[in-house]
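Reading through the structure tokens given below for one structure.
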Amino acid sequence: MLIQQKQKSEPASSEITSETAYLNRRQLMTLAAAGSVASLYPLGAAHAAGTYQPVKERNDAPLYLRKKITARKIAATNPTQNIITPYDAVTTYNNFYEFGTGKSDPSANAGTIKVDPWRVKVDGLCNKPGTFNLEDILLPYTLEDRIYRFRCVEAWSMVVPWLGFPLAQLIKRFEPKSNARFVQFTTLLDPKQLPNQTSNDLDWPYIEALRLDEALHPLAFMAVGLYGRSLPDQNGAPFRLIVPWKYGFKSVKSIVRITFTDKAPVTTWLGLAPQEYGFYANVNPNVDHPRWSQARERQLPNSLFNPNWKKTLPFNGYAVEVASLYKGMDLKRFY
């Protein structure tokens with residue numbers, strides 16, 4: 001995410017980028033000078049459709065979560081028809097301003113989040129509010145793999161094998177009242193765990209929201225892991241949202257509060273730059289960001305010599321499933 005300073009279709013596993021595929025800028029410039037980037041990170045190194053290799057679990061992953069992940073429903077195929085992005089790219093090229101504003105800052109500064117115990121407050125217009133341990137939240141659900149396309153508003157993309165459960169299951173569990181129209185998600189506010197919250201880079205804590213019917217859509221997903229393991233800090237540990245048809249800033253990380261409301265919340269980026277970041281944030285190649293085109297995207301892995309440009313698809317390739325949510329809406333106005 002860039003701050004302007006004042007003065008029936010899912011992603012194929014072939015689209016998911018592996019961890020080792022992405023070069024940070026220093027590596028990239030060094031290798032570019034030597035003319036060796038492409039040879040070290042060939043695009044063919046990304047995983048074939050329908051497959052991914054699970055990676056080692058984090059040392060502090062709680063036992064209950066390890067057991068839930070082991071018992072998950074494993075994806076047999078990759079519905080995206082794209083290459084799964086390597087794990088190294090997924091975990092080293094991130095926007096998570098709570099750890100810093102550079103793409104490599106989150107992975108470089110990670111390791112501070114205390115994932116257990118983790119508590120989530122549920123409040124607002126619902127019949128079953130309360131504060132719950134993550135273990136209790138996950139207890140009724142069988143976790144599953146979901147291989148999704150992930151499109152950043154900055155015109156880069158990945159294909160990621162997440163694991164978790166449908167958001168709709170969680171929403172229904174807390175019984176929203178009849179006048180609830182939106183659901184708001186709030187990130188942890190704790191500079192000891194998220195050190196860049198001592199800065200003024202954003203108005204903390206980070207807040208995002210969905211219309212209730214969006215939240216109830218079967219594609220909306222609560223993730224607790226990726227690549228067959230629990231979430232790394234830099235990817236939003238231990239509990240985050242994934243909304244694959246929207247730009248990535250909607251998929252809020254490290255969630256500690258879920259609030260049902262009758263009014264559309266002023267979300268973090270909408271409050272900071274409403275002319276650039278709308279509430280809906282649906283992926284739309286026909287509506288450009290004020291400072292760059294959204295008609296195409298750089299899919300990781302890529303390099304200086306092979307940027308791996310792809311044509312951006314409406315709703316990130318999920319139009320068949322979700323376009324009806326916005327029937328009759330002017331998508332240029334409600335961006």
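By convention here, the chains of the structure tokens are called A, B, ... in the order presented, each chain's residues are numbered starting at 1, and ligands are numbered starting at 1 in the order presented.
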Contacts of range 58-165 of chain A with range 265-288 of chain A up to 9 Å, shortest pair per row, only C-alpha atoms, as JSON lines:
```
{"residue": "A:Arg151", "atom": "CA", "partner": "A:Val283", "partner_atom": "CA", "distance": 7.5}
{"residue": "A:Cys152", "atom": "CA", "partner": "A:Val283", "partner_atom": "CA", "distance": 8.8}
{"residue": "A:Val153", "atom": "CA", "partner": "A:Val283", "partner_atom": "CA", "distance": 7.9}
```
Would you kindly return, as a PDB file with all heavy atoms, in the first residue's frame, each protein, DNA or RNA residue with an atom no farther than 9 Å from any atom of Ala264 in chain A, considering only C-alpha atoms and excluding same-chain residues fewer than 3 positions away?
```pdb
ATOM      1  N   ARG A 181     -26.050  -4.502   9.487  1.00  0.00           N
ATOM      2  CA  ARG A 181     -25.816  -4.460   8.034  1.00  0.00           C
ATOM      3  C   ARG A 181     -24.346  -4.575   7.670  1.00  0.00           C
ATOM      4  O   ARG A 181     -24.015  -4.834   6.511  1.00  0.00           O
ATOM      5  CB  ARG A 181     -26.397  -3.157   7.461  1.00  0.00           C
ATOM      6  CG  ARG A 181     -27.917  -3.049   7.607  1.00  0.00           C
ATOM      7  CD  ARG A 181     -28.446  -1.772   6.980  1.00  0.00           C
ATOM      8  NE  ARG A 181     -28.065  -1.674   5.583  1.00  0.00           N
ATOM      9  CZ  ARG A 181     -27.409  -0.637   5.045  1.00  0.00           C
ATOM     10  NH1 ARG A 181     -27.061   0.390   5.817  1.00  0.00           N
ATOM     11  NH2 ARG A 181     -27.110  -0.616   3.766  1.00  0.00           N
ATOM     12  N   PHE A 182     -23.472  -4.364   8.639  1.00  0.00           N
ATOM     13  CA  PHE A 182     -22.035  -4.409   8.388  1.00  0.00           C
ATOM     14  C   PHE A 182     -21.343  -5.157   9.521  1.00  0.00           C
ATOM     15  O   PHE A 182     -21.860  -5.226  10.637  1.00  0.00           O
ATOM     16  CB  PHE A 182     -21.451  -2.992   8.296  1.00  0.00           C
ATOM     17  CG  PHE A 182     -22.017  -2.158   7.189  1.00  0.00           C
ATOM     18  CD1 PHE A 182     -23.167  -1.400   7.390  1.00  0.00           C
ATOM     19  CD2 PHE A 182     -21.420  -2.147   5.936  1.00  0.00           C
ATOM     20  CE1 PHE A 182     -23.708  -0.634   6.371  1.00  0.00           C
ATOM     21  CE2 PHE A 182     -21.961  -1.386   4.906  1.00  0.00           C
ATOM     22  CZ  PHE A 182     -23.101  -0.631   5.120  1.00  0.00           C
ATOM     23  N   VAL A 183     -20.176  -5.688   9.213  1.00  0.00           N
ATOM     24  CA  VAL A 183     -19.348  -6.309  10.245  1.00  0.00           C
ATOM     25  C   VAL A 183     -17.950  -5.707  10.142  1.00  0.00           C
ATOM     26  O   VAL A 183     -17.359  -5.626   9.063  1.00  0.00           O
ATOM     27  CB  VAL A 183     -19.329  -7.850  10.133  1.00  0.00           C
ATOM     28  CG1 VAL A 183     -18.878  -8.321   8.760  1.00  0.00           C
ATOM     29  CG2 VAL A 183     -18.482  -8.471  11.233  1.00  0.00           C
ATOM     30  N   GLN A 184     -17.467  -5.220  11.270  1.00  0.00           N
ATOM     31  CA  GLN A 184     -16.170  -4.541  11.346  1.00  0.00           C
ATOM     32  C   GLN A 184     -15.154  -5.447  12.032  1.00  0.00           C
ATOM     33  O   GLN A 184     -15.466  -6.142  12.997  1.00  0.00           O
ATOM     34  CB  GLN A 184     -16.327  -3.244  12.136  1.00  0.00           C
ATOM     35  CG  GLN A 184     -15.025  -2.502  12.416  1.00  0.00           C
ATOM     36  CD  GLN A 184     -15.270  -1.232  13.204  1.00  0.00           C
ATOM     37  OE1 GLN A 184     -16.001  -0.350  12.774  1.00  0.00           O
ATOM     38  NE2 GLN A 184     -14.651  -1.144  14.381  1.00  0.00           N
ATOM     39  N   ALA A 209     -13.899  -3.537   7.158  1.00  0.00           N
ATOM     40  CA  ALA A 209     -15.295  -3.935   7.313  1.00  0.00           C
ATOM     41  C   ALA A 209     -15.847  -4.471   6.005  1.00  0.00           C
ATOM     42  O   ALA A 209     -15.345  -4.173   4.915  1.00  0.00           O
ATOM     43  CB  ALA A 209     -16.130  -2.748   7.794  1.00  0.00           C
ATOM     44  N   LEU A 210     -16.906  -5.252   6.140  1.00  0.00           N
ATOM     45  CA  LEU A 210     -17.645  -5.773   4.996  1.00  0.00           C
ATOM     46  C   LEU A 210     -19.126  -5.507   5.214  1.00  0.00           C
ATOM     47  O   LEU A 210     -19.600  -5.405   6.354  1.00  0.00           O
ATOM     48  CB  LEU A 210     -17.447  -7.288   4.865  1.00  0.00           C
ATOM     49  CG  LEU A 210     -16.036  -7.812   4.619  1.00  0.00           C
ATOM     50  CD1 LEU A 210     -16.026  -9.330   4.711  1.00  0.00           C
ATOM     51  CD2 LEU A 210     -15.506  -7.341   3.278  1.00  0.00           C
ATOM     52  N   ARG A 211     -19.850  -5.406   4.129  1.00  0.00           N
ATOM     53  CA  ARG A 211     -21.290  -5.500   4.216  1.00  0.00           C
ATOM     54  C   ARG A 211     -21.632  -6.904   4.713  1.00  0.00           C
ATOM     55  O   ARG A 211     -20.911  -7.863   4.419  1.00  0.00           O
ATOM     56  CB  ARG A 211     -21.901  -5.276   2.828  1.00  0.00           C
ATOM     57  CG  ARG A 211     -22.899  -4.179   2.732  1.00  0.00           C
ATOM     58  CD  ARG A 211     -23.297  -3.877   1.308  1.00  0.00           C
ATOM     59  NE  ARG A 211     -23.475  -5.044   0.458  1.00  0.00           N
ATOM     60  CZ  ARG A 211     -23.593  -4.978  -0.864  1.00  0.00           C
ATOM     61  NH1 ARG A 211     -23.553  -3.809  -1.480  1.00  0.00           N
ATOM     62  NH2 ARG A 211     -23.746  -6.075  -1.579  1.00  0.00           N
ATOM     63  N   THR A 261     -22.666  -3.811  13.122  1.00  0.00           N
ATOM     64  CA  THR A 261     -23.154  -2.439  13.174  1.00  0.00           C
ATOM     65  C   THR A 261     -24.183  -2.189  12.080  1.00  0.00           C
ATOM     66  O   THR A 261     -24.248  -2.938  11.090  1.00  0.00           O
ATOM     67  CB  THR A 261     -21.978  -1.446  13.046  1.00  0.00           C
ATOM     68  OG1 THR A 261     -22.463  -0.103  13.027  1.00  0.00           O
ATOM     69  CG2 THR A 261     -21.193  -1.684  11.766  1.00  0.00           C
ATOM     70  N   THR A 267     -13.311   2.897   7.538  1.00  0.00           N
ATOM     71  CA  THR A 267     -12.174   1.988   7.655  1.00  0.00           C
ATOM     72  C   THR A 267     -10.860   2.744   7.512  1.00  0.00           C
ATOM     73  O   THR A 267     -10.839   3.912   7.123  1.00  0.00           O
ATOM     74  CB  THR A 267     -12.288   0.874   6.610  1.00  0.00           C
ATOM     75  OG1 THR A 267     -12.415   1.464   5.305  1.00  0.00           O
ATOM     76  CG2 THR A 267     -13.522   0.016   6.881  1.00  0.00           C
ATOM     77  N   PHE A 279     -14.534   2.004   0.084  1.00  0.00           N
ATOM     78  CA  PHE A 279     -15.016   1.028   1.061  1.00  0.00           C
ATOM     79  C   PHE A 279     -15.103  -0.365   0.449  1.00  0.00           C
ATOM     80  O   PHE A 279     -14.735  -1.354   1.081  1.00  0.00           O
ATOM     81  CB  PHE A 279     -16.385   1.437   1.600  1.00  0.00           C
ATOM     82  CG  PHE A 279     -16.981   0.415   2.535  1.00  0.00           C
ATOM     83  CD1 PHE A 279     -16.637   0.398   3.875  1.00  0.00           C
ATOM     84  CD2 PHE A 279     -17.885  -0.549   2.073  1.00  0.00           C
ATOM     85  CE1 PHE A 279     -17.157  -0.566   4.739  1.00  0.00           C
ATOM     86  CE2 PHE A 279     -18.417  -1.504   2.930  1.00  0.00           C
ATOM     87  CZ  PHE A 279     -18.053  -1.510   4.266  1.00  0.00           C
TER      88      PHE A 279
END
```
| said: Give me, as a PyMOL selection string, all polymer residues having an atom no more than 10 Å from Ala323 in chain A, counting only C-alpha atoms and skipping those fewer than 6 positions away in the same chain. | reply: chain A and resi 245+282+314-315
Please produce a file of the residues just selected, as a compact mmCIF listing (two decimals), in the first residue's frame, where the atoms kept are N, CA and C atoms.
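This went into again.txt:
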```
# COMPACT_ATOMS: atom_id res chain seq x y z
N TRP A 245 -12.01 -11.64 -3.69
CA TRP A 245 -12.44 -10.81 -4.81
C TRP A 245 -12.17 -9.32 -4.57
N ASN A 282 -13.45 -3.67 -4.50
CA ASN A 282 -13.52 -4.84 -5.37
C ASN A 282 -12.48 -4.72 -6.48
N PRO A 314 -11.94 -9.06 -13.58
CA PRO A 314 -12.96 -8.47 -12.71
C PRO A 314 -13.19 -9.34 -11.48
N PHE A 315 -13.30 -8.69 -10.35
CA PHE A 315 -13.47 -9.39 -9.07
C PHE A 315 -12.37 -10.45 -8.87
```
| When DSSP works through the backbone of this structure, what residues of range 23-264 of chain A end up as helix (DSSP H, G or I), shown as a PyMOL selection string? | chain A and resi 25-34+37-40+43-45+63-70+87-92+97-99+105-109+134-138+167-173+195-198+212-215+233-235+248-250
| query | Residues at most 9 Å from Arg66 in chain A, counting only C-alpha atoms, excluding those fewer than 6 positions away in the same chain, as a list in words? | reply |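 Close residues of Arg66 in chain A: Glu57, Arg229 and Ser230 of chain A.
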| request: Could you please determine the separation between CA of Leu313 in chain A and CA of Trp162 in chain A in Å, to one decimal place? | output: 20.6 Å
